[in-house]
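*Asks:* Encoded as structure tokens, here's the structure I'll be asking about.
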Amino acid sequence: MRRMQWLTGATTIQKKALLTTSLGWMLDSMDMMLFSLVLVELQRDLHMSASISGLLMSLTLVSAAIGGIFFGWFADKVGRTHALMVCMLIYSIFTACCGLVHSVPQLAVFRFLLGLGIGGEWAAGGALVAETWPDEHRGKAIGIAQASWALGYALGAAITALIMPHFGWRVVFFVGVLPALVTLWIRKSVGEPEIWKEKAATLPIRTMFHGKLGIATVVIASMNAASLFAWWGLFTWIPRFLSLPIAQGGRGLSIVQASSWTILMQIGTGAGYLSFGYLADSLGRKKTYIAFLLIAAVLVPIYAHAPGARSLLLLGPIVGFFGTGFFSGFSVIASEAFPTAIRGTAMGIVYNTGRFLGAAAPYIIGFITEKSGIVLALSSISIAFFVAALIATGLKETKSHALA
């Protein structure tokens, strides 16, 4: 119980900020997962190839990058909680609209629009938690918020498994409108961080491109580009890998099995998020981040070559632990690298610059899948994890860093 005293003894403001960001990120990931798990049915009904499917995913990531940069700036100007509410409304409404489409162009439009909201939520939520929690517990708090992403992924998988076999993929998307209801509670119960009220709008954005901040911007953005390429390439195509027939290089699992395996992988992912926070607060952000990336790079080819369902079941949570857990570190590193007045904007820029570059991953992995098979395509992702770890050696350690 003493180990959790940092959480149970937190102020009401801190707890509400953490809950708000956790709910937002959970429902964000749920909506993203819905698309990945209905992809096989979408390809069949809308006559899409693997490369076109990947292109649609990449389009969503590009729009998310645009939304992330804009709403990062928006969060600096009007507040963290206001930005979160607008983002949740956008991605909820347009996820539901995806259930109405009858053509690929229609789907592309709605995927682009919902991506704007999905992209904006990360910077606003990360800044909200960072600015309400002290430096000695910031990593653990953000780890909890990141763990909610895994919960959302599992929730999306559960919704798909329960609904799609009986009602089809359109109804799965209709469920995506539910996050809009959470905004009612946020508007009523959650205020803005005091540090934002005191220091908002006192620095020009160009500050982040000069001197030590400029170096941090380049390192963090490029590191994130490589890690996001790896993450989006891997986890966008894992559901496809699991459900693709064995004759086509996949593992031939049913949609219920693939959803169940994905849920179990998210248990490892959630544990990775939480563990990273504790490790980062005790050992440091930099070394923990690099270690997670290197281990993920080794695990990915092993997972891709796993011979059967039992091996995938055992390896999945471990891949999720290291291949996703590092995201807790990125949130902490990015929030501590920049001053409050431009934190939302800077976090939006460094994360979403990487998102622009990483957005090519679903398409490239889909293209490699068509040319050389999905096993080789997934295995090649380890290169991006190694590159991200190499770039991360240029980070400045920010453990015990009080926010400015």
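Identifiers in this document derive from the order of the structure tokens: chains are assigned A, B, ..., residues are numbered from 1 separately in each chain, and ligands are numbered from 1 in order of occurrence.
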Applying 9 Å and only C-alpha atoms, which residues near Gly119 (chain A) remain after dropping the ones on its own chain fewer than 3 positions away? List them as an NGL selection string.
*Replies:* :A and (61-69 or 71 or 87 or 114-116 or 122-123 or 348 or 352 or 355)
*Asks:* What are the nearest atom pairs, with distances in Å to one decimal, for all residues of region 7-35 of chain A that come at most 10 Å from region 163-176 of chain A, using only C-alpha atoms, set out by chain and rising residue number as a tab-separated table?
*Replies:*
residue	atom	partner	partner_atom	distance
A:Leu27	CA	A:Gly176	CA	8.3
A:Asp28	CA	A:Gly176	CA	9.3
A:Met30	CA	A:Gly176	CA	7.9
A:Asp31	CA	A:Gly176	CA	5.9
A:Met32	CA	A:Gly176	CA	9.5
A:Leu34	CA	A:Phe173	CA	6.9
A:Phe35	CA	A:Phe173	CA	8.0
*Asks:* Do you have the CA of Trp231 (chain A)-CA of Gly24 (chain A) distance handy?
*Replies:* 20.0 Å
*Asks:* Can you list, as a ChimeraX atom specification, every protein, DNA or RNA residue that comes within 10 Å of region 292-300 of chain A when you count only C-alpha atoms, leaving out same-chain residues fewer than 5 positions away?
*Replies:* /A:227,230-231,234,272,276,287,305-306,315-316,318-327,329,378-390,392
*Asks:* Need the shell around region 188-199 of chain A: protein/DNA/RNA residues with any atom at most 10 Å away, counting only C-alpha atoms. Skip same-chain ones fewer than 2 positions apart. Format as a PyMOL selection string?
*Replies:* chain A and resi 12-17+19-20+75-82+127-133+183-186+201-203+339-343+403-404
